[in-house]
>>> print(open('upload.cif').read())   # mmCIF, C-alpha atoms
data_protein
loop_
_atom_site.label_atom_id
_atom_site.label_comp_id
_atom_site.auth_asym_id
_atom_site.auth_seq_id
_atom_site.Cartn_x
_atom_site.Cartn_y
_atom_site.Cartn_z
CA MET A 1 -37.74 -23.99 0.87
CA LEU A 2 -34.78 -21.93 -0.10
CA GLY A 3 -32.24 -21.29 2.60
CA CYS A 4 -33.60 -23.94 4.97
CA TRP A 5 -31.22 -26.64 6.16
CA ILE A 6 -32.87 -29.32 8.18
CA GLY A 7 -30.67 -31.31 10.52
CA VAL A 8 -27.57 -29.20 9.91
CA HIS A 9 -26.17 -27.33 12.87
CA TRP A 10 -23.64 -24.57 12.35
CA ARG A 11 -21.03 -24.18 15.03
CA HIS A 12 -18.72 -21.28 15.47
CA THR A 13 -15.20 -22.62 15.90
CA PRO A 14 -12.70 -19.96 16.90
CA MET A 15 -9.62 -19.67 14.70
CA PRO A 16 -6.24 -19.95 16.40
CA ILE A 17 -4.68 -16.54 16.86
CA ASP A 18 -1.28 -15.81 15.41
CA LYS A 19 0.01 -12.79 17.32
CA ASN A 20 2.49 -11.90 14.57
CA ALA A 21 -0.07 -12.13 11.77
CA GLU A 22 -1.37 -8.59 12.21
CA GLU A 23 2.11 -7.06 12.13
CA GLU A 24 3.07 -9.07 9.04
CA ASP A 25 -0.22 -8.19 7.30
CA LEU A 26 0.26 -4.49 8.06
CA ARG A 27 3.82 -4.56 6.68
CA GLU A 28 2.69 -6.31 3.51
CA GLU A 29 -0.25 -3.93 3.14
CA GLY A 30 2.10 -0.98 3.60
CA ARG A 31 4.45 -2.22 0.87
CA ARG A 32 1.54 -2.71 -1.54
CA ARG A 33 0.26 0.81 -1.01
CA SER A 34 0.40 3.18 -3.97
CA TYR A 35 0.34 6.95 -4.33
CA THR A 36 -1.30 9.13 -6.97
CA ASP A 37 0.61 12.29 -6.09
CA TYR A 38 3.72 13.42 -4.23
CA ASP A 39 5.54 16.58 -3.20
CA CYS A 40 8.94 17.00 -4.84
CA PRO A 41 11.72 17.07 -2.21
CA SER A 42 13.78 19.47 -4.38
CA CYS A 43 11.26 22.18 -5.31
CA ASN A 44 8.31 21.25 -3.03
CA ALA A 45 5.87 21.21 -5.98
CA ASN A 46 2.87 18.88 -5.83
CA ASN A 47 2.98 16.32 -8.65
CA PRO A 48 -0.22 14.42 -9.48
CA THR A 49 0.40 11.22 -11.46
CA GLU A 50 -1.80 9.41 -13.96
CA MET A 51 -0.56 5.99 -12.88
CA ALA A 52 -0.23 5.11 -9.23
CA LEU A 53 3.34 5.06 -7.91
CA ARG A 54 4.43 1.79 -6.32
CA ASP A 55 7.61 0.61 -4.65
CA GLY A 56 10.49 0.50 -7.15
CA ASP A 57 8.94 2.85 -9.74
CA GLU A 58 10.80 5.85 -11.12
CA THR A 59 9.24 9.28 -11.52
CA ARG A 60 10.22 12.78 -12.61
CA CYS A 61 9.08 16.07 -11.12
CA ASN A 62 6.86 17.91 -13.61
CA TYR A 63 8.31 21.27 -12.50
CA CYS A 64 12.07 20.99 -11.85
CA GLY A 65 12.73 17.76 -13.79
CA THR A 66 14.50 15.92 -10.97
CA GLU A 67 14.18 12.13 -11.24
CA TYR A 68 13.42 9.91 -8.25
CA LYS A 69 13.22 6.24 -7.37
CA VAL A 70 10.09 5.45 -5.34
CA ARG A 71 10.45 3.52 -2.09
CA ILE A 72 7.52 2.62 0.13
CA THR A 73 8.42 1.67 3.69
CA ASP A 74 6.92 -1.24 5.62
CA GLU A 75 4.65 1.30 7.32
CA GLY A 76 3.37 2.50 3.92
CA ARG A 77 5.20 5.85 3.81
CA LEU A 78 6.46 7.25 0.51
CA ARG A 79 10.20 7.89 0.22
CA LEU A 80 11.83 9.41 -2.87
CA LYS A 81 15.53 8.91 -3.63
CA GLU A 82 17.12 11.22 -6.18
CA LEU A 83 18.67 9.40 -9.15
#
>>> encode(input="upload.cif", output="structure tokens")
Amino acid sequence: MLGCWIGVHWRHTPMPIDKNAEEEDLREEGRRRSYTDYDCPSCNANNPTEMALRDGDETRCNYCGTEYKVRITDEGRLRLKEL
């Protein structure tokens, strides 16, 4: 019979809890986040992008031409620094 294990007993063993694991995972997840659009800080125009923006990328506003370096905080928020 498929799926039948005779003589095998499955026990649920709880994993030890690392209290800092969730915070570290959230920070890492935040840094890995990407954005497919942003609002230009200079002219306030919405800029959709073909490729997702990630931490360290550079982008240019499609309307005013201002160039920015992309920074994503540990919390996953997009920050743009003018170049």
>>> resolve_selection(input="upload.cif", expression="the PyMOL selection byres ((chain A and resi 46) around 12)", output="PyMOL selection string")
chain A and resi 36-45+47-49+60-64
>>> write_last_selection(input="upload.cif", atoms="C-alpha atoms", output="mmCIF file, in the frame of the given file")
data_model
loop_
_atom_site.group_PDB
_atom_site.id
_atom_site.type_symbol
_atom_site.label_atom_id
_atom_site.label_comp_id
_atom_site.auth_asym_id
_atom_site.auth_seq_id
_atom_site.Cartn_x
_atom_site.Cartn_y
_atom_site.Cartn_z
ATOM 1 C CA THR A 36 -1.300 9.130 -6.970
ATOM 2 C CA ASP A 37 0.610 12.290 -6.090
ATOM 3 C CA TYR A 38 3.720 13.420 -4.230
ATOM 4 C CA ASP A 39 5.540 16.580 -3.200
ATOM 5 C CA CYS A 40 8.940 17.000 -4.840
ATOM 6 C CA PRO A 41 11.720 17.070 -2.210
ATOM 7 C CA SER A 42 13.780 19.470 -4.380
ATOM 8 C CA CYS A 43 11.260 22.180 -5.310
ATOM 9 C CA ASN A 44 8.310 21.250 -3.030
ATOM 10 C CA ALA A 45 5.870 21.210 -5.980
ATOM 11 C CA ASN A 47 2.980 16.320 -8.650
ATOM 12 C CA PRO A 48 -0.220 14.420 -9.480
ATOM 13 C CA THR A 49 0.400 11.220 -11.460
ATOM 14 C CA ARG A 60 10.220 12.780 -12.610
ATOM 15 C CA CYS A 61 9.080 16.070 -11.120
ATOM 16 C CA ASN A 62 6.860 17.910 -13.610
ATOM 17 C CA TYR A 63 8.310 21.270 -12.500
ATOM 18 C CA CYS A 64 12.070 20.990 -11.850
#
>>> atom_distance(input="upload.cif", atom1="atom CA of Met51 of chain A", atom2="atom CA of Arg33 of chain A")
13.0 Å
>>> residues_around(input="upload.cif", residues="segment 68-73 of chain A", least_positions_apart="5", cutoff="7 Å", atoms="only C-alpha atoms", output="mmCIF file with C-alpha atoms, in the frame of the given file")
data_model
loop_
_atom_site.group_PDB
_atom_site.id
_atom_site.type_symbol
_atom_site.label_atom_id
_atom_site.label_comp_id
_atom_site.auth_asym_id
_atom_site.auth_seq_id
_atom_site.Cartn_x
_atom_site.Cartn_y
_atom_site.Cartn_z
ATOM 1 C CA GLY A 30 2.100 -0.980 3.600
ATOM 2 C CA ARG A 31 4.450 -2.220 0.870
ATOM 3 C CA ARG A 54 4.430 1.790 -6.320
ATOM 4 C CA ASP A 55 7.610 0.610 -4.650
ATOM 5 C CA GLY A 56 10.490 0.500 -7.150
ATOM 6 C CA ASP A 57 8.940 2.850 -9.740
ATOM 7 C CA GLU A 58 10.800 5.850 -11.120
ATOM 8 C CA THR A 59 9.240 9.280 -11.520
ATOM 9 C CA ARG A 60 10.220 12.780 -12.610
ATOM 10 C CA LEU A 78 6.460 7.250 0.510
ATOM 11 C CA ARG A 79 10.200 7.890 0.220
ATOM 12 C CA LEU A 80 11.830 9.410 -2.870
ATOM 13 C CA LYS A 81 15.530 8.910 -3.630
ATOM 14 C CA GLU A 82 17.120 11.220 -6.180
ATOM 15 C CA LEU A 83 18.670 9.400 -9.150
#
